[in-house]
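**Student:** My structure file target-v7.csv, CSV, C-alpha atoms and all ligand atoms, is below:
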chain,number,residue,atom,x,y,z
A,1,MET,CA,0.0,0.0,0.0
A,2,LYS,CA,1.6,3.3,-1.2
A,3,THR,CA,0.1,6.6,0.1
A,4,VAL,CA,1.0,10.0,-1.2
A,5,VAL,CA,0.4,12.9,1.2
A,6,ILE,CA,0.0,16.3,-0.5
A,7,GLY,CA,0.6,19.3,1.8
A,8,ALA,CA,2.6,17.1,4.1
A,9,ALA,CA,4.3,20.0,5.8
A,10,GLY,CA,1.1,21.6,7.1
A,11,GLN,CA,-0.2,21.0,10.6
A,12,LEU,CA,-2.7,18.3,9.7
A,13,GLY,CA,-0.3,16.7,7.1
A,14,ARG,CA,2.5,16.4,9.7
A,15,ASP,CA,0.2,14.7,12.3
A,16,LEU,CA,-1.4,12.5,9.7
A,17,THR,CA,1.6,11.2,7.9
A,18,PRO,CA,3.0,9.1,10.8
A,19,ARG,CA,-0.5,7.6,11.4
A,20,LEU,CA,-1.0,6.2,8.0
A,21,GLY,CA,0.3,2.6,7.4
A,22,GLY,CA,2.3,1.2,4.6
A,23,GLU,CA,4.7,3.2,2.4
A,24,ILE,CA,4.3,7.0,2.6
A,25,VAL,CA,5.4,9.5,0.1
A,26,PRO,CA,5.1,13.0,1.7
A,27,LEU,CA,5.0,15.8,-0.8
A,28,THR,CA,5.4,19.5,0.1
A,29,ARG,CA,4.3,22.4,-2.1
A,30,ALA,CA,7.8,22.5,-3.6
A,31,GLN,CA,7.2,19.0,-4.9
A,32,LEU,CA,3.6,19.3,-5.9
A,33,ASP,CA,1.9,22.6,-6.3
A,34,LEU,CA,-1.9,22.4,-6.7
A,35,ALA,CA,-1.9,25.9,-8.3
A,36,ARG,CA,-0.1,24.3,-11.2
A,37,PRO,CA,-2.6,21.6,-12.2
A,38,GLU,CA,-0.7,20.6,-15.3
A,39,THR,CA,2.1,19.3,-13.1
A,40,ILE,CA,-0.1,17.0,-10.9
A,41,GLY,CA,-0.3,14.1,-13.3
A,42,PRO,CA,3.4,14.1,-14.2
A,43,VAL,CA,4.3,14.0,-10.4
A,44,LEU,CA,1.7,11.4,-9.3
A,45,LYS,CA,1.6,9.0,-12.2
A,46,PRO,CA,5.2,7.7,-11.8
A,47,ILE,CA,4.6,7.1,-8.1
A,48,ARG,CA,1.6,4.9,-8.8
A,49,PRO,CA,-0.1,5.5,-5.4
A,50,ASP,CA,-2.9,3.4,-4.0
A,51,VAL,CA,-4.1,6.4,-1.9
A,52,VAL,CA,-3.6,10.1,-2.3
A,53,VAL,CA,-4.4,12.3,0.8
A,54,ASN,CA,-4.7,16.0,0.1
A,55,CYS,CA,-3.9,18.1,3.2
A,56,ALA,CA,-3.0,21.2,1.1
A,57,ALA,CA,-5.2,24.2,0.9
A,58,TYR,CA,-5.3,27.9,0.5
A,59,ASN,CA,-6.3,28.7,4.1
A,60,PHE,CA,-6.2,32.5,4.4
A,61,VAL,CA,-9.9,33.1,5.2
A,62,ASP,CA,-9.8,36.9,5.2
A,63,ARG,CA,-7.3,37.4,2.4
A,64,ALA,CA,-9.4,35.1,0.1
A,65,GLU,CA,-12.0,37.9,0.0
A,66,THR,CA,-9.7,39.8,-2.3
A,67,GLU,CA,-7.6,36.9,-3.5
A,68,LEU,CA,-10.4,35.0,-5.1
A,69,ASP,CA,-8.4,33.6,-8.0
A,70,ALA,CA,-5.6,32.4,-5.7
A,71,ALA,CA,-8.1,30.6,-3.4
A,72,PHE,CA,-10.0,29.0,-6.2
A,73,ALA,CA,-6.8,28.0,-8.0
A,74,VAL,CA,-5.8,25.8,-5.1
A,75,ASN,CA,-9.0,24.8,-3.4
A,76,ALA,CA,-11.2,24.3,-6.5
A,77,TRP,CA,-9.3,24.0,-9.8
A,78,GLY,CA,-6.2,22.3,-8.4
A,79,VAL,CA,-8.4,19.8,-6.5
A,80,ARG,CA,-10.5,19.2,-9.7
A,81,ALA,CA,-7.3,18.4,-11.6
A,82,LEU,CA,-6.2,16.2,-8.7
A,83,ALA,CA,-9.5,14.3,-8.7
A,84,GLN,CA,-9.1,13.7,-12.5
A,85,VAL,CA,-5.6,12.3,-12.0
A,86,CYS,CA,-6.7,10.0,-9.1
A,87,ALA,CA,-9.7,8.8,-11.2
A,88,GLU,CA,-7.3,7.9,-14.1
A,89,LEU,CA,-4.9,6.1,-11.6
A,90,GLY,CA,-7.9,4.3,-10.0
A,91,CYS,CA,-6.6,5.3,-6.6
A,92,VAL,CA,-8.4,6.5,-3.4
A,93,LEU,CA,-8.5,10.2,-2.9
A,94,VAL,CA,-8.8,11.6,0.6
A,95,HIS,CA,-9.6,15.3,0.7
A,96,PHE,CA,-10.3,17.7,3.5
A,97,SER,CA,-12.9,20.4,3.6
A,98,THR,CA,-14.3,22.7,6.2
A,99,ASP,CA,-17.3,23.7,8.4
A,100,TYR,CA,-17.1,27.0,6.5
A,101,VAL,CA,-19.1,25.4,3.7
A,102,PHE,CA,-22.0,26.3,6.0
A,103,GLY,CA,-23.2,29.6,7.5
A,104,LEU,CA,-25.9,30.8,5.1
A,105,ASP,CA,-28.6,29.4,7.4
A,106,THR,CA,-28.2,32.0,10.2
A,107,GLY,CA,-31.0,30.5,12.3
A,108,ARG,CA,-29.3,27.1,12.6
A,109,THR,CA,-29.0,25.8,16.2
A,110,THR,CA,-28.6,22.0,15.7
A,111,PRO,CA,-25.5,20.0,14.5
A,112,LEU,CA,-25.0,19.9,10.8
A,113,ALA,CA,-25.1,16.5,9.0
A,114,GLU,CA,-23.4,15.6,5.7
A,115,ASP,CA,-26.7,15.8,3.8
A,116,ASP,CA,-27.6,19.3,5.1
A,117,ALA,CA,-27.5,21.8,2.3
A,118,PRO,CA,-24.2,23.8,2.4
A,119,GLY,CA,-24.2,27.6,2.0
A,120,PRO,CA,-20.9,29.3,2.5
A,121,VAL,CA,-20.7,33.0,3.5
A,122,SER,CA,-17.1,33.6,2.5
A,123,VAL,CA,-14.9,33.2,-0.6
A,124,TYR,CA,-12.8,30.7,1.3
A,125,GLY,CA,-15.9,28.6,2.2
A,126,LEU,CA,-17.1,28.8,-1.4
A,127,SER,CA,-13.7,27.8,-2.8
A,128,LYS,CA,-13.6,24.8,-0.5
A,129,LEU,CA,-17.2,23.8,-1.4
A,130,ALA,CA,-16.3,24.1,-5.1
A,131,GLY,CA,-13.4,21.6,-4.4
A,132,GLU,CA,-15.7,19.1,-2.8
A,133,TYR,CA,-17.9,18.5,-5.9
A,134,PRO,CA,-15.2,17.4,-8.4
A,135,VAL,CA,-13.8,15.0,-5.8
A,136,ARG,CA,-17.2,13.5,-5.3
A,137,SER,CA,-18.2,13.4,-8.9
A,138,LEU,CA,-14.9,12.5,-10.7
A,139,CYS,CA,-13.2,10.1,-8.3
A,140,PRO,CA,-15.5,7.3,-7.2
A,141,ARG,CA,-13.2,6.0,-4.4
A,142,HIS,CA,-13.1,9.2,-2.3
A,143,PHE,CA,-13.3,10.5,1.2
A,144,VAL,CA,-14.2,14.1,1.6
A,145,ILE,CA,-13.7,15.0,5.3
A,146,ARG,CA,-15.1,18.2,6.7
A,147,THR,CA,-13.4,19.3,9.8
A,148,CYS,CA,-13.2,22.5,11.9
A,149,GLY,CA,-11.0,24.9,13.8
A,150,LEU,CA,-7.8,22.9,13.5
A,151,TYR,CA,-4.9,23.3,15.9
A,152,GLY,CA,-1.8,21.1,16.2
A,153,VAL,CA,1.6,21.5,17.6
A,154,TRP,CA,3.1,22.1,14.2
A,155,GLY,CA,0.9,25.2,13.7
A,156,ALA,CA,-0.8,26.1,10.4
A,157,GLY,CA,2.0,26.6,7.9
A,158,GLY,CA,1.1,29.7,6.1
A,159,LYS,CA,-0.7,31.3,9.1
A,160,GLY,CA,2.4,30.8,11.3
A,161,GLY,CA,0.7,29.3,14.3
A,162,ASN,CA,-2.7,28.4,15.5
A,163,PHE,CA,-5.5,29.9,17.6
A,164,VAL,CA,-4.1,28.4,20.8
A,165,GLU,CA,-0.6,29.8,20.3
A,166,THR,CA,-2.0,33.2,19.2
A,167,MET,CA,-4.1,33.5,22.4
A,168,LEU,CA,-1.1,32.6,24.5
A,169,ARG,CA,1.3,35.0,22.7
A,170,VAL,CA,-1.0,38.0,22.9
A,171,ALA,CA,-1.7,37.3,26.6
A,172,SER,CA,2.0,37.0,27.3
A,173,GLN,CA,2.4,40.4,25.8
A,174,GLY,CA,-0.1,41.7,28.4
A,175,LYS,CA,-2.4,42.9,25.7
A,176,PRO,CA,-6.2,42.7,26.1
A,177,LEU,CA,-8.0,40.0,24.1
A,178,ARG,CA,-11.5,40.4,22.6
A,179,VAL,CA,-12.9,37.1,21.3
A,180,VAL,CA,-16.2,36.4,19.7
A,181,ALA,CA,-18.8,34.8,21.9
A,182,ASP,CA,-21.5,34.2,19.4
A,183,GLN,CA,-20.0,31.8,16.9
A,184,LEU,CA,-20.4,28.1,17.9
A,185,CYS,CA,-18.3,25.4,16.4
A,186,THR,CA,-15.9,22.5,17.5
A,187,PRO,CA,-12.2,23.4,17.6
A,188,SER,CA,-10.4,20.1,16.7
A,189,TYR,CA,-7.0,18.7,17.5
A,190,THR,CA,-5.1,17.6,14.4
A,191,VAL,CA,-3.9,14.5,16.2
A,192,ASP,CA,-7.5,13.4,16.7
A,193,VAL,CA,-8.6,14.3,13.2
A,194,ALA,CA,-5.5,12.4,11.9
A,195,ALA,CA,-6.3,9.3,13.9
A,196,ALA,CA,-9.9,9.4,12.8
A,197,THR,CA,-8.9,9.9,9.2
A,198,ALA,CA,-6.5,6.9,9.3
A,199,ALA,CA,-9.3,4.7,10.8
A,200,LEU,CA,-11.9,6.0,8.2
A,201,VAL,CA,-9.6,5.3,5.3
A,202,ARG,CA,-9.2,1.6,6.5
A,203,THR,CA,-13.0,1.1,6.3
A,204,GLN,CA,-13.2,1.7,2.5
A,205,ALA,CA,-16.7,3.2,3.2
A,206,PHE,CA,-16.2,6.0,0.7
A,207,GLY,CA,-18.1,9.2,0.9
A,208,LEU,CA,-18.5,12.6,2.6
A,209,TYR,CA,-17.9,12.7,6.4
A,210,HIS,CA,-17.8,15.2,9.3
A,211,VAL,CA,-14.9,14.6,11.6
A,212,VAL,CA,-14.4,16.9,14.6
A,213,ASN,CA,-13.8,16.5,18.4
A,214,ASP,CA,-17.0,16.0,20.5
A,215,GLY,CA,-19.1,18.8,21.8
A,216,HIS,CA,-19.0,22.5,20.9
A,217,CYS,CA,-18.1,25.9,22.2
A,218,THR,CA,-17.8,29.5,21.2
A,219,TRP,CA,-14.3,31.0,20.4
A,220,HIS,CA,-14.5,32.9,23.7
A,221,GLU,CA,-15.2,29.7,25.6
A,222,PHE,CA,-12.3,28.0,23.8
A,223,ALA,CA,-10.0,30.9,24.7
A,224,ARG,CA,-11.1,30.7,28.3
A,225,ALA,CA,-10.3,27.0,28.4
A,226,ILE,CA,-6.9,27.7,26.8
A,227,PHE,CA,-6.0,30.1,29.6
A,228,GLU,CA,-7.4,27.8,32.3
A,229,LEU,CA,-5.4,24.8,31.1
A,230,ALA,CA,-2.2,26.9,30.5
A,231,GLY,CA,-2.6,28.5,34.0
A,232,VAL,CA,-2.4,31.9,32.4
A,233,THR,CA,-4.3,35.0,33.6
A,234,ALA,CA,-5.5,37.0,30.6
A,235,ASP,CA,-7.5,40.1,30.0
A,236,LEU,CA,-10.2,38.3,28.0
A,237,THR,CA,-13.5,40.0,26.9
A,238,PRO,CA,-16.3,38.3,25.1
A,239,ILE,CA,-17.6,40.3,22.1
A,240,ALA,CA,-20.2,40.0,19.4
A,241,SER,CA,-19.2,39.1,15.8
A,242,ALA,CA,-20.7,42.5,14.8
A,243,ASP,CA,-18.0,44.2,16.9
A,244,TRP,CA,-15.2,42.3,15.3
A,245,VAL,CA,-14.3,43.8,12.0
A,246,ALA,CA,-12.9,41.3,9.5
A,247,PRO,CA,-13.0,41.0,5.7
A,248,ALA,CA,-14.6,37.6,5.7
A,249,ARG,CA,-17.9,36.6,7.4
A,250,ARG,CA,-17.8,33.4,9.5
A,251,PRO,CA,-20.7,31.1,10.3
A,252,SER,CA,-22.5,31.9,13.5
A,253,TYR,CA,-23.2,28.1,13.9
A,254,SER,CA,-21.1,25.4,12.3
A,255,VAL,CA,-21.2,22.5,14.7
A,256,LEU,CA,-20.6,19.4,12.7
A,257,MET,CA,-22.5,16.1,13.5
A,258,THR,CA,-20.2,13.1,13.5
A,259,ALA,CA,-23.0,10.4,13.6
A,260,LYS,CA,-22.1,9.1,10.1
A,261,TYR,CA,-18.5,8.5,11.1
A,262,VAL,CA,-19.4,7.0,14.4
A,263,GLY,CA,-22.0,4.8,12.6
A,264,LEU,CA,-19.2,2.9,11.0
A,265,GLY,CA,-18.3,1.6,14.4
A,266,LEU,CA,-15.4,4.0,14.8
A,267,PRO,CA,-14.7,5.6,18.2
A,268,VAL,CA,-16.4,8.9,19.2
A,269,PRO,CA,-13.7,11.6,19.0
A,270,ARG,CA,-12.9,12.8,22.5
A,271,PRO,CA,-14.5,16.0,23.9
A,272,TRP,CA,-12.9,19.2,22.6
A,273,ARG,CA,-11.7,20.1,26.2
A,274,ALA,CA,-9.9,16.8,26.7
A,275,ALA,CA,-8.3,17.2,23.2
A,276,LEU,CA,-7.1,20.6,24.2
A,277,ALA,CA,-5.6,19.2,27.4
A,278,ALA,CA,-3.8,16.5,25.3
A,279,TYR,CA,-2.5,19.3,23.0
A,280,PHE,CA,-0.9,21.0,26.1
A,281,GLN,CA,0.7,17.7,27.1
A,282,GLU,CA,2.2,17.2,23.7
A,283,ARG,CA,3.3,20.8,23.5
A,284,SER,CA,5.1,20.5,26.8
A,285,LYS,CA,7.0,17.5,25.5
A,286,LYS,CA,8.2,19.5,22.5
A,287,SER,CA,9.4,22.6,24.4
A,301,LIG,N1,-6.9,25.2,9.8
A,301,LIG,C1,-8.2,25.1,10.1
A,301,LIG,O1,-8.7,25.7,11.1
A,301,LIG,C2,-9.0,24.3,9.2
A,301,LIG,C3,-10.4,24.2,9.6
A,301,LIG,C4,-11.2,23.4,8.8
A,301,LIG,C5,-10.7,22.7,7.7
A,301,LIG,N2,-9.4,22.8,7.4
A,301,LIG,C6,-8.9,22.1,6.2
A,301,LIG,O2,-8.0,21.1,6.7
A,301,LIG,C7,-6.9,20.9,5.7
A,301,LIG,C8,-5.6,21.0,6.4
A,301,LIG,O3,-5.4,22.3,7.0
A,301,LIG,P1,-4.2,22.8,7.9
A,301,LIG,O4,-4.7,23.6,9.0
A,301,LIG,O5,-3.3,21.6,8.1
A,301,LIG,O6,-3.4,23.8,6.9
A,301,LIG,P2,-1.9,24.3,6.9
A,301,LIG,O7,-1.3,24.0,8.2
A,301,LIG,O8,-2.0,25.7,6.4
A,301,LIG,O9,-1.3,23.4,5.8
A,301,LIG,C9,-1.6,23.6,4.4
A,301,LIG,C10,-0.5,23.1,3.6
A,301,LIG,O10,-0.8,23.3,2.3
A,301,LIG,C11,0.3,23.7,1.6
A,301,LIG,N3,-0.1,24.4,0.4
A,301,LIG,C12,-0.6,25.7,0.3
A,301,LIG,N4,-0.9,26.0,-1.0
A,301,LIG,C13,-0.4,24.9,-1.7
A,301,LIG,C14,-0.4,24.6,-3.1
A,301,LIG,N5,-0.7,25.4,-4.0
A,301,LIG,N6,0.1,23.4,-3.5
A,301,LIG,C15,0.5,22.5,-2.6
A,301,LIG,N7,0.5,22.7,-1.2
A,301,LIG,C16,0.0,23.9,-0.8
A,301,LIG,C17,1.0,24.7,2.6
A,301,LIG,O11,2.3,24.9,2.2
A,301,LIG,P3,3.1,26.2,2.5
A,301,LIG,O12,3.4,26.2,4.0
A,301,LIG,O13,4.2,26.2,1.6
A,301,LIG,O14,2.1,27.4,2.2
A,301,LIG,C18,0.8,23.9,3.8
A,301,LIG,O15,1.9,23.0,4.1
A,301,LIG,C19,-7.2,21.9,4.6
A,301,LIG,O16,-7.9,21.3,3.6
A,301,LIG,C20,-8.1,23.0,5.3
A,301,LIG,O17,-8.9,23.6,4.3
A,301,LIG,C21,-8.5,23.6,8.1
Could you write out this file's structure as structure tokens?
**Tutor:**
Amino acid sequence: MKTVVIGAAGQLGRDLTPRLGGEIVPLTRAQLDLARPETIGPVLKPIRPDVVVNCAAYNFVDRAETELDAAFAVNAWGVRALAQVCAELGCVLVHFSTDYVFGLDTGRTTPLAEDDAPGPVSVYGLSKLAGEYPVRSLCPRHFVIRTCGLYGVWGAGGKGGNFVETMLRVASQGKPLRVVADQLCTPSYTVDVAAATAALVRTQAFGLYHVVNDGHCTWHEFARAIFELAGVTADLTPIASADWVAPARRPSYSVLMTAKYVGLGLPVPRPWRAALAAYFQERSKKS
């Protein structure tokens, strides 16, 4: 079994690669650039992979509002070319998407299932949704895995960190923190999403899945838990989304239901707070 991991240097890619069995071929952007679709076939075909896992994405949610072409080049057109190549190779394609494919239903208050109608409210969300369809329609043996609020010890490549580290850094500078308290979702630990992905791929039960830690919280509650677990006193104030000026809109409710994943007999991902505690344990080992 030979598995190619695209975007292997990202935070999810780095936690997923060691959890996949068999022979692994990790590829960074320098080796395979999704924004250059004509290069995908020539790179992948000689490797003859059984499975291709795509952890790469254009992830700059706010910048995407003005860099529409760049976001679509990677998240939609690059993924479309990748799905075509995987279909030609007859291999499995594992692709990651996001809770940001939701948000249009502003009255939503119950967890979102895979068959709930998507409706993005940002260019990033739209570009990721546009990438889901070619994977699902062109490559029969696929997994599309929507996840949410990722944080891992490697930090999101291009963003240079993750939400946990940003909170701790700002607090350590003694600066006040204003964090939205009206957006509900499930921050998820890359180690848990990686383990769940590896288990899901082994089932061969292809399709669209939601994979996140259990439970939900607001970003303010998440920040409070970060400071509690880190033993840090911070000047943290809850605010409304309306008081946070950002180029991109975010969903007010994007809690993903994991019943379909759990229905395969796979373990319920641990609660988000336990996952955060595990992150701090892993983090302390690295420092
Ligand atoms: N981060 C989140 O909160 C979140 C939430 C929901 C879903 N997701 C999804 O989860 C997946 C993994 O995200 P992540 O947080 O692990 O992202 P990440 O840490 O930012 O990693 C993304 C990787 O993709 C690479 N990349 C960017 N553009 C590329 C291109 N044109 N060709 C090839 N590689 C390229 C980046 O390389 P460089 O470092 O060279 O730029 C980086 O190594 C993505 O599909 C993302 O949309 C993420």
**Student:** How close does each residue of stretch 45-146 of chain A get to stretch 193-199 of chain A, giving the shortest atom pair and distance in Å to one decimal for every residue with an atom at most 12 Å away, counting only C-alpha atoms, sorted by chain and residue number, as a Markdown table?
**Tutor:**
| residue | atom | partner | partner_atom | distance |
| --- | --- | --- | --- | --- |
| A:Val51 | CA | A:Ala198 | CA | 11.5 |
| A:Val53 | CA | A:Thr197 | CA | 9.8 |
| A:Asn54 | CA | A:Thr197 | CA | 11.7 |
| A:Cys55 | CA | A:Ala194 | CA | 10.5 |
| A:Val94 | CA | A:Thr197 | CA | 8.8 |
| A:His95 | CA | A:Thr197 | CA | 10.1 |
| A:Phe96 | CA | A:Thr197 | CA | 9.8 |
| A:Phe143 | CA | A:Thr197 | CA | 9.1 |
| A:Val144 | CA | A:Thr197 | CA | 10.2 |
| A:Ile145 | CA | A:Thr197 | CA | 8.0 |
| A:Arg146 | CA | A:Val193 | CA | 10.0 |
**Student:** Can you pull out every residue within 10 Å of A:Phe227, counting only C-alpha atoms, but drop anything in the same chain fewer than 2 positions away, and send it as a PDB file with C-alpha atoms, in the coordinates of the input?
**Tutor:**
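The resulting file, around_4.pdb, is reproduced below:
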ATOM      1  CA  VAL A 164      -4.100  28.400  20.800  1.00  0.00           C
ATOM      2  CA  MET A 167      -4.100  33.500  22.400  1.00  0.00           C
ATOM      3  CA  LEU A 168      -1.100  32.600  24.500  1.00  0.00           C
ATOM      4  CA  ALA A 171      -1.700  37.300  26.600  1.00  0.00           C
ATOM      5  CA  PHE A 222     -12.300  28.000  23.800  1.00  0.00           C
ATOM      6  CA  ALA A 223     -10.000  30.900  24.700  1.00  0.00           C
ATOM      7  CA  ARG A 224     -11.100  30.700  28.300  1.00  0.00           C
ATOM      8  CA  ALA A 225     -10.300  27.000  28.400  1.00  0.00           C
ATOM      9  CA  LEU A 229      -5.400  24.800  31.100  1.00  0.00           C
ATOM     10  CA  ALA A 230      -2.200  26.900  30.500  1.00  0.00           C
ATOM     11  CA  GLY A 231      -2.600  28.500  34.000  1.00  0.00           C
ATOM     12  CA  VAL A 232      -2.400  31.900  32.400  1.00  0.00           C
ATOM     13  CA  THR A 233      -4.300  35.000  33.600  1.00  0.00           C
ATOM     14  CA  ALA A 234      -5.500  37.000  30.600  1.00  0.00           C
ATOM     15  CA  LEU A 236     -10.200  38.300  28.000  1.00  0.00           C
TER      16      LEU A 236
END
**Student:** Give the residue list for ligand LIG 301 (chain A) at 8 Å, counting all atoms listed in the file, as a ChimeraX atom specification, sorted by chain and then by residue number.
**Tutor:** /A:6-14,28-36,54-59,73-75,78,95-100,128,146-151,154-159,162,187,190
**Student:** Include C-alpha atoms and write out the residues we just selected as a CSV table (one decimal), in the frame of the given file.
**Tutor:**
chain,number,residue,atom,x,y,z
A,6,ILE,CA,0.0,16.3,-0.5
A,7,GLY,CA,0.6,19.3,1.8
A,8,ALA,CA,2.6,17.1,4.1
A,9,ALA,CA,4.3,20.0,5.8
A,10,GLY,CA,1.1,21.6,7.1
A,11,GLN,CA,-0.2,21.0,10.6
A,12,LEU,CA,-2.7,18.3,9.7
A,13,GLY,CA,-0.3,16.7,7.1
A,14,ARG,CA,2.5,16.4,9.7
A,28,THR,CA,5.4,19.5,0.1
A,29,ARG,CA,4.3,22.4,-2.1
A,30,ALA,CA,7.8,22.5,-3.6
A,31,GLN,CA,7.2,19.0,-4.9
A,32,LEU,CA,3.6,19.3,-5.9
A,33,ASP,CA,1.9,22.6,-6.3
A,34,LEU,CA,-1.9,22.4,-6.7
A,35,ALA,CA,-1.9,25.9,-8.3
A,36,ARG,CA,-0.1,24.3,-11.2
A,54,ASN,CA,-4.7,16.0,0.1
A,55,CYS,CA,-3.9,18.1,3.2
A,56,ALA,CA,-3.0,21.2,1.1
A,57,ALA,CA,-5.2,24.2,0.9
A,58,TYR,CA,-5.3,27.9,0.5
A,59,ASN,CA,-6.3,28.7,4.1
A,73,ALA,CA,-6.8,28.0,-8.0
A,74,VAL,CA,-5.8,25.8,-5.1
A,75,ASN,CA,-9.0,24.8,-3.4
A,78,GLY,CA,-6.2,22.3,-8.4
A,95,HIS,CA,-9.6,15.3,0.7
A,96,PHE,CA,-10.3,17.7,3.5
A,97,SER,CA,-12.9,20.4,3.6
A,98,THR,CA,-14.3,22.7,6.2
A,99,ASP,CA,-17.3,23.7,8.4
A,100,TYR,CA,-17.1,27.0,6.5
A,128,LYS,CA,-13.6,24.8,-0.5
A,146,ARG,CA,-15.1,18.2,6.7
A,147,THR,CA,-13.4,19.3,9.8
A,148,CYS,CA,-13.2,22.5,11.9
A,149,GLY,CA,-11.0,24.9,13.8
A,150,LEU,CA,-7.8,22.9,13.5
A,151,TYR,CA,-4.9,23.3,15.9
A,154,TRP,CA,3.1,22.1,14.2
A,155,GLY,CA,0.9,25.2,13.7
A,156,ALA,CA,-0.8,26.1,10.4
A,157,GLY,CA,2.0,26.6,7.9
A,158,GLY,CA,1.1,29.7,6.1
A,159,LYS,CA,-0.7,31.3,9.1
A,162,ASN,CA,-2.7,28.4,15.5
A,187,PRO,CA,-12.2,23.4,17.6
A,190,THR,CA,-5.1,17.6,14.4
**Student:** Between atom CA of A:Arg273 and atom CA of A:Gln183, what distance in Å does the model show, to one decimal?
**Tutor:**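 We find that atom CA of A:Arg273 and atom CA of A:Gln183 lie 17.1 Å from each other.
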**Student:** Set the distance at 10 Å and use only C-alpha atoms: which residues neighbour A:Glu114 once local chain neighbours fewer than 6 positions away are removed? I'd like the list as a ChimeraX atom specification.
**Tutor:** /A:145-146,207-210,256-260
**Student:** Could you name the residues that touch stretch 262-271 of chain A at 6 Å or less, counting all atoms listed in the file, but leaving out those on the same chain fewer than 5 positions away, as a list of chain:residue names?
**Tutor:**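 With the cut-off at 6 Å, the set is A:Asn213, A:Asp214, A:Gly215.
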**Student:** I'd like the interatomic distance between atom CA of A:Leu89 and atom CA of A:Tyr261, to a tenth of an Å.
**Tutor:**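 Separation between atom CA of A:Leu89 and atom CA of A:Tyr261: 26.6 Å.
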**Student:** What's the separation between atom CA of A:Ala205 and atom CA of A:Pro134, in Å to one decimal place?
**Tutor:** 18.4 Å
**Student:** Find the residues near A:Phe72: any atom within 12 Å, counting only C-alpha atoms, skip ones fewer than 3 places away on the same chain, and give them as a ChimeraX atom specification.
**Tutor:** /A:34-35,57-60,64-69,75-80,123-132
**Student:** Take every atom of stretch 32-46 of chain A listed in the file, fit an axis-aligned box around them, add 6 Å per side, and give the centre and edge lengths in Å to one decimal as JSON.
**Tutor:**
{"center_x": 1.3, "center_y": 16.8, "center_z": -10.6, "size_x": 19.8, "size_y": 30.2, "size_z": 21.4}
**Student:** Looking at A:Arg108, A:Lys286, A:His142, A:Arg202, which one is nearest to A:Ser254, with distances taken over all atoms listed in the file?
**Tutor:**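 Going through A:Arg108, A:Lys286, A:His142, A:Arg202 one by one, the smallest distance to A:Ser254 is for A:Arg108.
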**Student:** Within 7 Å of (-5.3, 5.6, -7.3), all atoms listed in the file: residues as a PyMOL selection string?
**Tutor:** chain A and resi 49-52+86-87+89-92
**Student:** Give me the residues within 10 Å of A:Arg283 as a list in words, counting only C-alpha atoms and dropping any in the same chain fewer than 3 places off.
**Tutor:**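 The residues satisfying every condition are Gly152, Val153, Trp154, Ala277, Ala278, Tyr279, Phe280, Lys286 and Ser287 of chain A.
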**Student:** Out of A:Ile40, A:Leu20, A:Cys139, A:Ala71, which residue has the shortest atom-to-atom distance to A:Phe206 when counting all atoms listed in the file?
**Tutor:** A:Cys139
**Student:** Kindly indicate which residue among A:Pro140, A:Gly161, A:Gly21, A:Gly103 lies nearest to A:Ser122, using all atoms listed in the file for the distances.
**Tutor:** A:Gly103
**Student:** Nearest residue to A:Gly119 out of A:Glu165, A:Asp15, A:Glu88, A:Asp105, using all atoms listed in the file?
**Tutor:**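 Once distances to A:Gly119 are computed over all atoms listed in the file, the minimum belongs to A:Asp105.
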